[in-house]
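Okay, structure first, notes after.
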Amino acid sequence: MAVQSRRKRSTLSFKDIQIAYLMNGVNSVEKLHKDGKASTATIRRALSHLRTGGREVGGLEKWIHDNLGIGVRGRAAPQPGQERVYRAQQIKTSGPFLRLPLGALEIGKGETVTVCFEDDRIVVKKV
């Protein structure tokens with residue numbers, strides 16, 4: 001019976017990324033990401049932990065901004081005139097509701113909107 005060697009971990013933890021950055025700088029993190037050993041989320045987590053630890057992370061922040069983007073969750077905000085389909089949501093025993101992005105109408109937190117309920121549609125207008 002042949003002895004099989006144990007496979008090593010193929011991705012690195014955020015602590016591995018921290019060590020690589022502190023020892024060899026941004027170039028080591030860039031190489032790990034390019035080789036597929038460090039995910040975007042892991043690199044961002046390493047950055048946040050380094051920042052809370054009081055380390056100098058200016059170079060890593062710049063590299064992340066230039067190469068990984070700003071890391072926005074979800075899909076892009078709808079453009080004026082664009083049509084989208086949304087599913088109704090429901091939490092426990094409450095009634096169904098819609099969660100709509102209001103950024104396309106340039107509506108901020110606390111601003112007032114007018115909502116018109118028609119037979120087959122709901123119209124939201126900025127006041």
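Residue numbers start at 1 in each chain; chains themselves are named A, B, ... in the order of the structure tokens; ligands are numbered from 1 in the order shown.
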Distance query Ile19 (chain A) at most 12 Å, only C-alpha atoms, self and fewer than 6 positions along chain excluded, as a compact mmCIF listing (two decimals) with N, CA and C atoms, in the first residue's frame:
# COMPACT_ATOMS: atom_id res chain seq x y z
N LEU A 12 -4.23 31.00 1.32
CA LEU A 12 -3.61 31.48 2.55
C LEU A 12 -4.61 32.21 3.43
N SER A 13 -4.32 32.26 4.72
CA SER A 13 -5.18 32.99 5.66
C SER A 13 -4.76 34.46 5.67
N GLY A 25 6.71 43.44 1.93
CA GLY A 25 6.01 44.56 1.32
C GLY A 25 4.91 44.14 0.35
N VAL A 26 4.46 45.10 -0.42
CA VAL A 26 3.31 44.92 -1.31
C VAL A 26 3.60 43.91 -2.42
N SER A 28 5.05 41.10 -2.41
CA SER A 28 4.75 39.71 -2.04
C SER A 28 3.24 39.45 -2.05
N VAL A 29 2.46 40.43 -1.59
CA VAL A 29 1.00 40.27 -1.61
C VAL A 29 0.52 40.22 -3.06
N ILE A 43 -7.21 39.44 1.46
CA ILE A 43 -6.29 40.59 1.44
C ILE A 43 -6.94 41.78 2.14
N ALA A 46 -6.83 41.19 5.86
CA ALA A 46 -5.48 41.42 6.37
C ALA A 46 -5.22 42.91 6.54
N LEU A 47 -5.66 43.71 5.56
CA LEU A 47 -5.50 45.16 5.64
C LEU A 47 -6.21 45.73 6.86
N HIS A 49 -7.04 44.27 9.65
CA HIS A 49 -6.39 43.86 10.90
C HIS A 49 -5.06 44.59 11.09
N LEU A 50 -4.31 44.82 10.02
CA LEU A 50 -3.08 45.58 10.12
C LEU A 50 -3.38 47.01 10.55
N ARG A 55 -0.38 49.50 12.29
CA ARG A 55 0.74 49.39 11.33
C ARG A 55 0.58 50.38 10.19
Checklist entry - Can you list every residue in chain A that DSSP puts in strand (DSSP E), as JSON, numbers by chain? => result {"A": [113, 114, 115, 116, 117, 122, 123, 124, 125, 126]}
Next on the checklist: What's the separation between CA of Arg73 (chain A) and CA of Arg45 (chain A), in Å to one decimal place?
Outcome noted: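 So the answer is 15.0 Å.
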Could you pull out the helix (DSSP H, G or I) residues of chain A, going by DSSP on the backbone, and write them as a PDB file with N, CA and C atoms, in the first residue's frame?
ATOM      1  N   PHE A  14      -5.593  35.287   6.304  1.00  0.00           N
ATOM      2  CA  PHE A  14      -5.268  36.707   6.377  1.00  0.00           C
ATOM      3  C   PHE A  14      -3.995  36.940   7.187  1.00  0.00           C
ATOM      4  N   LYS A  15      -3.707  36.062   8.136  1.00  0.00           N
ATOM      5  CA  LYS A  15      -2.477  36.200   8.918  1.00  0.00           C
ATOM      6  C   LYS A  15      -1.249  35.933   8.053  1.00  0.00           C
ATOM      7  N   ASP A  16      -1.369  34.978   7.122  1.00  0.00           N
ATOM      8  CA  ASP A  16      -0.276  34.723   6.183  1.00  0.00           C
ATOM      9  C   ASP A  16      -0.022  35.956   5.320  1.00  0.00           C
ATOM     10  N   ILE A  17      -1.086  36.612   4.912  1.00  0.00           N
ATOM     11  CA  ILE A  17      -0.966  37.820   4.091  1.00  0.00           C
ATOM     12  C   ILE A  17      -0.312  38.929   4.908  1.00  0.00           C
ATOM     13  N   GLN A  18      -0.702  39.068   6.163  1.00  0.00           N
ATOM     14  CA  GLN A  18      -0.095  40.076   7.038  1.00  0.00           C
ATOM     15  C   GLN A  18       1.412  39.856   7.159  1.00  0.00           C
ATOM     16  N   ILE A  19       1.806  38.628   7.395  1.00  0.00           N
ATOM     17  CA  ILE A  19       3.227  38.307   7.548  1.00  0.00           C
ATOM     18  C   ILE A  19       3.979  38.611   6.260  1.00  0.00           C
ATOM     19  N   ALA A  20       3.406  38.214   5.121  1.00  0.00           N
ATOM     20  CA  ALA A  20       4.055  38.480   3.832  1.00  0.00           C
ATOM     21  C   ALA A  20       4.227  39.975   3.610  1.00  0.00           C
ATOM     22  N   TYR A  21       3.207  40.757   3.938  1.00  0.00           N
ATOM     23  CA  TYR A  21       3.288  42.210   3.747  1.00  0.00           C
ATOM     24  C   TYR A  21       4.325  42.830   4.679  1.00  0.00           C
ATOM     25  N   LEU A  22       4.332  42.436   5.941  1.00  0.00           N
ATOM     26  CA  LEU A  22       5.261  43.020   6.901  1.00  0.00           C
ATOM     27  C   LEU A  22       6.716  42.644   6.614  1.00  0.00           C
ATOM     28  N   MET A  23       6.922  41.449   6.068  1.00  0.00           N
ATOM     29  CA  MET A  23       8.297  41.016   5.790  1.00  0.00           C
ATOM     30  C   MET A  23       8.814  41.507   4.438  1.00  0.00           C
ATOM     31  N   ASN A  24       7.959  41.470   3.402  1.00  0.00           N
ATOM     32  CA  ASN A  24       8.445  41.741   2.048  1.00  0.00           C
ATOM     33  C   ASN A  24       7.700  42.842   1.311  1.00  0.00           C
ATOM     34  N   VAL A  26       4.459  45.103  -0.417  1.00  0.00           N
ATOM     35  CA  VAL A  26       3.313  44.922  -1.315  1.00  0.00           C
ATOM     36  C   VAL A  26       3.595  43.914  -2.424  1.00  0.00           C
ATOM     37  N   ASN A  27       4.837  43.854  -2.890  1.00  0.00           N
ATOM     38  CA  ASN A  27       5.160  42.944  -3.996  1.00  0.00           C
ATOM     39  C   ASN A  27       4.840  41.492  -3.663  1.00  0.00           C
ATOM     40  N   SER A  28       5.047  41.100  -2.414  1.00  0.00           N
ATOM     41  CA  SER A  28       4.752  39.711  -2.035  1.00  0.00           C
ATOM     42  C   SER A  28       3.242  39.449  -2.050  1.00  0.00           C
ATOM     43  N   VAL A  29       2.465  40.427  -1.592  1.00  0.00           N
ATOM     44  CA  VAL A  29       1.003  40.275  -1.612  1.00  0.00           C
ATOM     45  C   VAL A  29       0.518  40.217  -3.056  1.00  0.00           C
ATOM     46  N   GLU A  30       1.084  41.066  -3.898  1.00  0.00           N
ATOM     47  CA  GLU A  30       0.710  41.076  -5.313  1.00  0.00           C
ATOM     48  C   GLU A  30       0.993  39.723  -5.963  1.00  0.00           C
ATOM     49  N   LYS A  31       2.150  39.134  -5.669  1.00  0.00           N
ATOM     50  CA  LYS A  31       2.500  37.829  -6.245  1.00  0.00           C
ATOM     51  C   LYS A  31       1.556  36.731  -5.750  1.00  0.00           C
ATOM     52  N   LEU A  32       1.239  36.756  -4.462  1.00  0.00           N
ATOM     53  CA  LEU A  32       0.317  35.751  -3.917  1.00  0.00           C
ATOM     54  C   LEU A  32      -1.064  35.859  -4.562  1.00  0.00           C
ATOM     55  N   HIS A  33      -1.529  37.076  -4.788  1.00  0.00           N
ATOM     56  CA  HIS A  33      -2.829  37.275  -5.429  1.00  0.00           C
ATOM     57  C   HIS A  33      -2.782  36.820  -6.879  1.00  0.00           C
ATOM     58  N   LYS A  34      -1.696  37.153  -7.567  1.00  0.00           N
ATOM     59  CA  LYS A  34      -1.543  36.766  -8.976  1.00  0.00           C
ATOM     60  C   LYS A  34      -1.496  35.246  -9.124  1.00  0.00           C
ATOM     61  N   THR A  40      -9.283  38.104  -2.764  1.00  0.00           N
ATOM     62  CA  THR A  40      -9.511  39.528  -2.533  1.00  0.00           C
ATOM     63  C   THR A  40     -10.021  39.768  -1.117  1.00  0.00           C
ATOM     64  N   ALA A  41     -10.956  38.952  -0.673  1.00  0.00           N
ATOM     65  CA  ALA A  41     -11.516  39.109   0.673  1.00  0.00           C
ATOM     66  C   ALA A  41     -10.451  38.910   1.747  1.00  0.00           C
ATOM     67  N   THR A  42      -9.559  37.958   1.546  1.00  0.00           N
ATOM     68  CA  THR A  42      -8.500  37.692   2.514  1.00  0.00           C
ATOM     69  C   THR A  42      -7.528  38.860   2.597  1.00  0.00           C
ATOM     70  N   ILE A  43      -7.206  39.439   1.457  1.00  0.00           N
ATOM     71  CA  ILE A  43      -6.292  40.586   1.439  1.00  0.00           C
ATOM     72  C   ILE A  43      -6.944  41.778   2.144  1.00  0.00           C
ATOM     73  N   ARG A  44      -8.233  42.010   1.878  1.00  0.00           N
ATOM     74  CA  ARG A  44      -8.930  43.118   2.542  1.00  0.00           C
ATOM     75  C   ARG A  44      -8.996  42.895   4.060  1.00  0.00           C
ATOM     76  N   ARG A  45      -9.203  41.661   4.473  1.00  0.00           N
ATOM     77  CA  ARG A  45      -9.254  41.354   5.906  1.00  0.00           C
ATOM     78  C   ARG A  45      -7.897  41.578   6.552  1.00  0.00           C
ATOM     79  N   ALA A  46      -6.831  41.186   5.860  1.00  0.00           N
ATOM     80  CA  ALA A  46      -5.479  41.421   6.373  1.00  0.00           C
ATOM     81  C   ALA A  46      -5.222  42.912   6.537  1.00  0.00           C
ATOM     82  N   LEU A  47      -5.657  43.706   5.564  1.00  0.00           N
ATOM     83  CA  LEU A  47      -5.497  45.161   5.641  1.00  0.00           C
ATOM     84  C   LEU A  47      -6.213  45.729   6.860  1.00  0.00           C
ATOM     85  N   SER A  48      -7.453  45.315   7.081  1.00  0.00           N
ATOM     86  CA  SER A  48      -8.209  45.867   8.212  1.00  0.00           C
ATOM     87  C   SER A  48      -7.566  45.487   9.542  1.00  0.00           C
ATOM     88  N   HIS A  49      -7.039  44.269   9.652  1.00  0.00           N
ATOM     89  CA  HIS A  49      -6.386  43.863  10.897  1.00  0.00           C
ATOM     90  C   HIS A  49      -5.059  44.594  11.086  1.00  0.00           C
ATOM     91  N   LEU A  50      -4.314  44.815  10.016  1.00  0.00           N
ATOM     92  CA  LEU A  50      -3.076  45.584  10.118  1.00  0.00           C
ATOM     93  C   LEU A  50      -3.375  47.014  10.545  1.00  0.00           C
ATOM     94  N   ARG A  51      -4.433  47.576   9.983  1.00  0.00           N
ATOM     95  CA  ARG A  51      -4.811  48.956  10.305  1.00  0.00           C
ATOM     96  C   ARG A  51      -5.205  49.081  11.776  1.00  0.00           C
ATOM     97  N   THR A  52      -6.001  48.130  12.286  1.00  0.00           N
ATOM     98  CA  THR A  52      -6.401  48.193  13.696  1.00  0.00           C
ATOM     99  C   THR A  52      -5.218  47.943  14.624  1.00  0.00           C
ATOM    100  N   GLY A  58      -0.133  52.249   4.113  1.00  0.00           N
ATOM    101  CA  GLY A  58      -0.382  53.120   2.964  1.00  0.00           C
ATOM    102  C   GLY A  58      -0.117  52.442   1.629  1.00  0.00           C
ATOM    103  N   GLY A  59       0.977  51.714   1.536  1.00  0.00           N
ATOM    104  CA  GLY A  59       1.324  51.037   0.285  1.00  0.00           C
ATOM    105  C   GLY A  59       0.338  49.943  -0.073  1.00  0.00           C
ATOM    106  N   LEU A  60      -0.095  49.181   0.923  1.00  0.00           N
ATOM    107  CA  LEU A  60      -1.055  48.112   0.696  1.00  0.00           C
ATOM    108  C   LEU A  60      -2.423  48.688   0.326  1.00  0.00           C
ATOM    109  N   GLU A  61      -2.826  49.761   1.004  1.00  0.00           N
ATOM    110  CA  GLU A  61      -4.097  50.409   0.659  1.00  0.00           C
ATOM    111  C   GLU A  61      -4.103  50.882  -0.786  1.00  0.00           C
ATOM    112  N   LYS A  62      -3.010  51.504  -1.208  1.00  0.00           N
ATOM    113  CA  LYS A  62      -2.913  52.007  -2.584  1.00  0.00           C
ATOM    114  C   LYS A  62      -2.982  50.850  -3.571  1.00  0.00           C
ATOM    115  N   TRP A  63      -2.263  49.756  -3.291  1.00  0.00           N
ATOM    116  CA  TRP A  63      -2.274  48.604  -4.198  1.00  0.00           C
ATOM    117  C   TRP A  63      -3.678  48.006  -4.288  1.00  0.00           C
ATOM    118  N   ILE A  64      -4.358  47.892  -3.159  1.00  0.00           N
ATOM    119  CA  ILE A  64      -5.722  47.350  -3.164  1.00  0.00           C
ATOM    120  C   ILE A  64      -6.641  48.247  -3.971  1.00  0.00           C
ATOM    121  N   HIS A  65      -6.545  49.551  -3.767  1.00  0.00           N
ATOM    122  CA  HIS A  65      -7.395  50.493  -4.504  1.00  0.00           C
ATOM    123  C   HIS A  65      -7.120  50.417  -6.006  1.00  0.00           C
ATOM    124  N   ASP A  66      -5.852  50.331  -6.392  1.00  0.00           N
ATOM    125  CA  ASP A  66      -5.483  50.309  -7.808  1.00  0.00           C
ATOM    126  C   ASP A  66      -5.805  48.984  -8.494  1.00  0.00           C
ATOM    127  N   ASN A  67      -5.692  47.872  -7.760  1.00  0.00           N
ATOM    128  CA  ASN A  67      -5.806  46.555  -8.387  1.00  0.00           C
ATOM    129  C   ASN A  67      -7.076  45.779  -8.058  1.00  0.00           C
ATOM    130  N   LEU A  68      -7.651  46.023  -6.902  1.00  0.00           N
ATOM    131  CA  LEU A  68      -8.821  45.243  -6.490  1.00  0.00           C
ATOM    132  C   LEU A  68     -10.107  46.059  -6.493  1.00  0.00           C
ATOM    133  N   GLY A 103     -30.799  55.610  -4.662  1.00  0.00           N
ATOM    134  CA  GLY A 103     -29.670  56.421  -5.120  1.00  0.00           C
ATOM    135  C   GLY A 103     -29.853  56.977  -6.519  1.00  0.00           C
ATOM    136  N   ALA A 104     -30.542  56.258  -7.399  1.00  0.00           N
ATOM    137  CA  ALA A 104     -30.761  56.730  -8.768  1.00  0.00           C
ATOM    138  C   ALA A 104     -31.624  57.984  -8.783  1.00  0.00           C
ATOM    139  N   LEU A 105     -32.470  58.143  -7.758  1.00  0.00           N
ATOM    140  CA  LEU A 105     -33.298  59.342  -7.645  1.00  0.00           C
ATOM    141  C   LEU A 105     -32.601  60.419  -6.816  1.00  0.00           C
TER     142      LEU A 105
END
Checklist entry - Skipping near chain neighbours, those fewer than 6 positions away, what residues fall within 12 Å of region 95-99 of chain A using only C-alpha atoms, listed as a PyMOL selection string? => result chain A and resi 85-89+122
What does the file look like for those residues with N, CA, C and O atoms, as a PDB file, in the first residue's frame?
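Written out: out-v3.pdb:
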ATOM      1  N   VAL A  85     -36.128  43.876 -12.008  1.00  0.00           N
ATOM      2  CA  VAL A  85     -37.095  43.019 -11.334  1.00  0.00           C
ATOM      3  C   VAL A  85     -36.615  42.805  -9.903  1.00  0.00           C
ATOM      4  O   VAL A  85     -35.453  42.478  -9.667  1.00  0.00           O
ATOM      5  N   TYR A  86     -37.511  43.009  -8.936  1.00  0.00           N
ATOM      6  CA  TYR A  86     -37.204  42.807  -7.528  1.00  0.00           C
ATOM      7  C   TYR A  86     -38.171  41.788  -6.944  1.00  0.00           C
ATOM      8  O   TYR A  86     -39.327  41.742  -7.319  1.00  0.00           O
ATOM      9  N   ARG A  87     -37.690  40.991  -6.015  1.00  0.00           N
ATOM     10  CA  ARG A  87     -38.544  40.022  -5.332  1.00  0.00           C
ATOM     11  C   ARG A  87     -39.066  40.634  -4.041  1.00  0.00           C
ATOM     12  O   ARG A  87     -38.363  41.376  -3.360  1.00  0.00           O
ATOM     13  N   ALA A  88     -40.294  40.291  -3.707  1.00  0.00           N
ATOM     14  CA  ALA A  88     -40.868  40.749  -2.443  1.00  0.00           C
ATOM     15  C   ALA A  88     -40.174  40.012  -1.303  1.00  0.00           C
ATOM     16  O   ALA A  88     -39.855  38.832  -1.409  1.00  0.00           O
ATOM     17  N   GLN A  89     -39.937  40.703  -0.210  1.00  0.00           N
ATOM     18  CA  GLN A  89     -39.306  40.121   0.959  1.00  0.00           C
ATOM     19  C   GLN A  89     -40.307  40.093   2.104  1.00  0.00           C
ATOM     20  O   GLN A  89     -41.279  40.838   2.106  1.00  0.00           O
ATOM     21  N   ILE A 122     -46.258  50.840  -8.457  1.00  0.00           N
ATOM     22  CA  ILE A 122     -46.012  51.799  -7.390  1.00  0.00           C
ATOM     23  C   ILE A 122     -45.056  52.838  -7.951  1.00  0.00           C
ATOM     24  O   ILE A 122     -44.002  52.501  -8.468  1.00  0.00           O
TER      25      ILE A 122
END
